[in-house]
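To keep things clear, I will list the structure first and then write my remarks on it.
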Amino acid sequence: MSGRPEVDFTAPEAQPFLFRGGDHGVLLVHGFTGSVAHMRLLGEHLRDAGFTVQGINLPGHATRLEDMRGCTGQDWLRAARESLDALWRECRYVSVAGLSMGGVLTLLLAAQTEVTAAIPISAPMGVQNRLMPFAGLAAPFVREVRWRGDEHRQTCLEQRYDLGYTGFPTRSAAELNRLMKQARRSLSAVTCPLLVVQSHADETIAPASADIIMQGVSSRVKRTLWLNDVPHVCTISREHPRIAAEMIRLLRDAERLNGK
C-alpha cells in the first residue's frame, strides 16, 4: 500500500489563526505529526458562534519532518500553555480542545491550570500499535516510521484540511508515550467541565481511551460524544458539525457554571 503524499505546509489551511470574538477564548491544539489545518473547521464553527478562537502549530510541526526530532513532549506542552496564557490575558473564560496528542495536552493543561472547560478529541490513553510503547528502545536503530496509506481515511476526510507529516521520527513517538503516561497519572486533577469525543471506528488509539478518561477525572460535569464510522482525525470528517455543536453546548454550560 502506498504512503501518503507529501504535504505543502504553505497552504492557507495550515497557517495558525486567531479569530477574535467574545469573552470566551478557546485554544485548539492539533495532534502528533498533524497541523492546525486539522482544527480549522472546528475553529470556524466556534468563531461563527461568537467565541475567540486560537489555533496553533506545535513546535516541530507543519515545517519539515526532521524538525520534530529536536522537540520534546514538554516543548509541546509549554507551547500550548503559553498560548493558553495569552488567551487568559484577553478573555474572561478560556477553554482548550485538542485532537489526539492535542487531546493529551488538553488533559494535562486541565490538570495543571484553571481552564473553563476541556475537550479531548480522539485522545489516546493507549494505542493500538503494539510496537509504539517500545519506540524509545527502537529509536537508536530505526530513525523514522512512515504512515501507511489509508483509502478509508482518504474517502472519509476533507482532503483540503488533511495536512500532516507522512511519518514520524521514532524518538518523537517516545515523547508521545511519556505525555500519555503523564496525562493518565494526572486525570484525577481534572475538575473542569469535560467533553470527551471518540469514534468507535478509530483505528489508532486504544478503544478504552474515552472510558479511562471519564472514569479517571474528577469533573462533576462530564460527557462523552461517541461517533460512528469516522477515522481518528474526526475533526475533518463529516462529523465535524456535530462535534462543534456539542463543543459549543459544553462551553456555554461551563460559562453558566462560572457565573455568566
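Labels for the C-alpha cells follow display order: chains A, B, ..., residues from 1 in each chain, ligands from 1.
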Exercise. Do a neighbour search on Ser188 in chain A at 6 Å with only C-alpha atoms, toss out local chain neighbours closer than 2 positions, and write the hits as number ranges by chain.
Key: A: 186, 190, 216-218
Determine, for each residue of range 85-136 of chain A having at least one atom at most 12 Å from an atom of range 60-74 of chain A, the closest pair of atoms and their separation in Å to one decimal, counting only C-alpha atoms; order by chain and ascending number, as a Markdown table.
| residue | atom | partner | partner_atom | distance |
| --- | --- | --- | --- | --- |
| A:Met101 | CA | A:Gly73 | CA | 9.7 |
| A:Gly102 | CA | A:Gly73 | CA | 10.9 |
| A:Val104 | CA | A:Gly73 | CA | 10.5 |
| A:Leu105 | CA | A:Gly73 | CA | 9.1 |
| A:Leu108 | CA | A:Gln74 | CA | 10.8 |
| A:Leu109 | CA | A:Gln74 | CA | 11.7 |
Using only C-alpha atoms, please write the residues we just selected to a file, as a short mmCIF file (atom, residue, chain, number, x, y, z; two decimals), in the first residue's frame.
data_model
loop_
_atom_site.label_atom_id
_atom_site.label_comp_id
_atom_site.auth_asym_id
_atom_site.auth_seq_id
_atom_site.Cartn_x
_atom_site.Cartn_y
_atom_site.Cartn_z
CA MET A 101 -1.86 14.19 21.14
CA GLY A 102 -3.52 17.60 21.35
CA VAL A 104 -3.47 14.55 25.74
CA LEU A 105 -2.09 18.09 26.06
CA LEU A 108 -2.55 17.99 31.03
CA LEU A 109 -3.46 21.68 30.77
#
Practice problem: Identify, on the basis of only C-alpha atoms, every residue whose closest approach to Leu187 in chain A does not exceed 10 Å; exclude the query and any residue fewer than 3 positions from it along the same chain; express the result as number ranges by chain. | Solution: A: 107-108, 110-111, 182-184, 190-191, 212-219
Exercise. Kindly give the distance, in Å, that separates CA of Leu257 in chain A and CA of Met180 in chain A, rounded to a single decimal.
Key: 29.0 Å
Practice problem: Find the residues near Ala97 in chain A: any atom within 6 Å, counting only C-alpha atoms, skip ones fewer than 4 places away on the same chain, and give them as number ranges by chain. | Solution: A: 28, 106, 118-120
Can you write just those residues out, N, CA, C and O atoms, as a PDB file, in the first residue's frame?
ATOM      1  N   LEU A  28      -7.239  25.662  20.324  1.00  0.00           N
ATOM      2  CA  LEU A  28      -7.354  24.411  19.589  1.00  0.00           C
ATOM      3  C   LEU A  28      -5.959  23.868  19.298  1.00  0.00           C
ATOM      4  O   LEU A  28      -5.119  24.588  18.746  1.00  0.00           O
ATOM      5  N   THR A 106      -4.444  18.684  26.145  1.00  0.00           N
ATOM      6  CA  THR A 106      -5.644  19.298  26.731  1.00  0.00           C
ATOM      7  C   THR A 106      -5.862  18.791  28.155  1.00  0.00           C
ATOM      8  O   THR A 106      -6.138  19.572  29.075  1.00  0.00           O
ATOM      9  N   ALA A 118     -12.641  21.657  29.110  1.00  0.00           N
ATOM     10  CA  ALA A 118     -11.637  20.923  28.346  1.00  0.00           C
ATOM     11  C   ALA A 118     -12.326  19.905  27.452  1.00  0.00           C
ATOM     12  O   ALA A 118     -13.289  19.245  27.875  1.00  0.00           O
ATOM     13  N   ILE A 119     -11.822  19.773  26.214  1.00  0.00           N
ATOM     14  CA  ILE A 119     -12.451  18.878  25.245  1.00  0.00           C
ATOM     15  C   ILE A 119     -11.369  18.062  24.551  1.00  0.00           C
ATOM     16  O   ILE A 119     -10.803  18.483  23.538  1.00  0.00           O
ATOM     17  N   PRO A 120     -11.023  16.889  25.088  1.00  0.00           N
ATOM     18  CA  PRO A 120     -10.095  15.985  24.403  1.00  0.00           C
ATOM     19  C   PRO A 120     -10.818  15.188  23.320  1.00  0.00           C
ATOM     20  O   PRO A 120     -11.863  14.582  23.575  1.00  0.00           O
TER      21      PRO A 120
END
Self-check item: Near-range 41-44 of chain A list (10 Å; only C-alpha atoms; drop same-chain fewer than 2 positions) as a ChimeraX atom specification
Solution: /A:13,17-19,26-28,36-39,46-55,97,158,161,235-237,240-245,247
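Comparing A:Val197, A:Leu163, A:Leu250, A:Ala123 by their smallest distance to Ser100 in chain A, the closest is A:Ala123 (using only C-alpha atoms).
Within the 8 Å cut-off around Arg223 in chain A, using only C-alpha atoms and omitting residues fewer than 4 positions from it on the same chain, the listed residues are A:Leu194, A:Leu195, A:Val196, A:Met214.
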Output C-alpha atoms of each residue in that selection to a file, as an mmCIF file, in the first residue's frame.
data_model
loop_
_atom_site.group_PDB
_atom_site.id
_atom_site.type_symbol
_atom_site.label_atom_id
_atom_site.label_comp_id
_atom_site.auth_asym_id
_atom_site.auth_seq_id
_atom_site.Cartn_x
_atom_site.Cartn_y
_atom_site.Cartn_z
ATOM 1 C CA LEU A 194 -15.289 17.971 30.168
ATOM 2 C CA LEU A 195 -16.408 16.631 26.792
ATOM 3 C CA VAL A 196 -14.620 13.501 25.564
ATOM 4 C CA MET A 214 -14.226 9.556 32.021
#
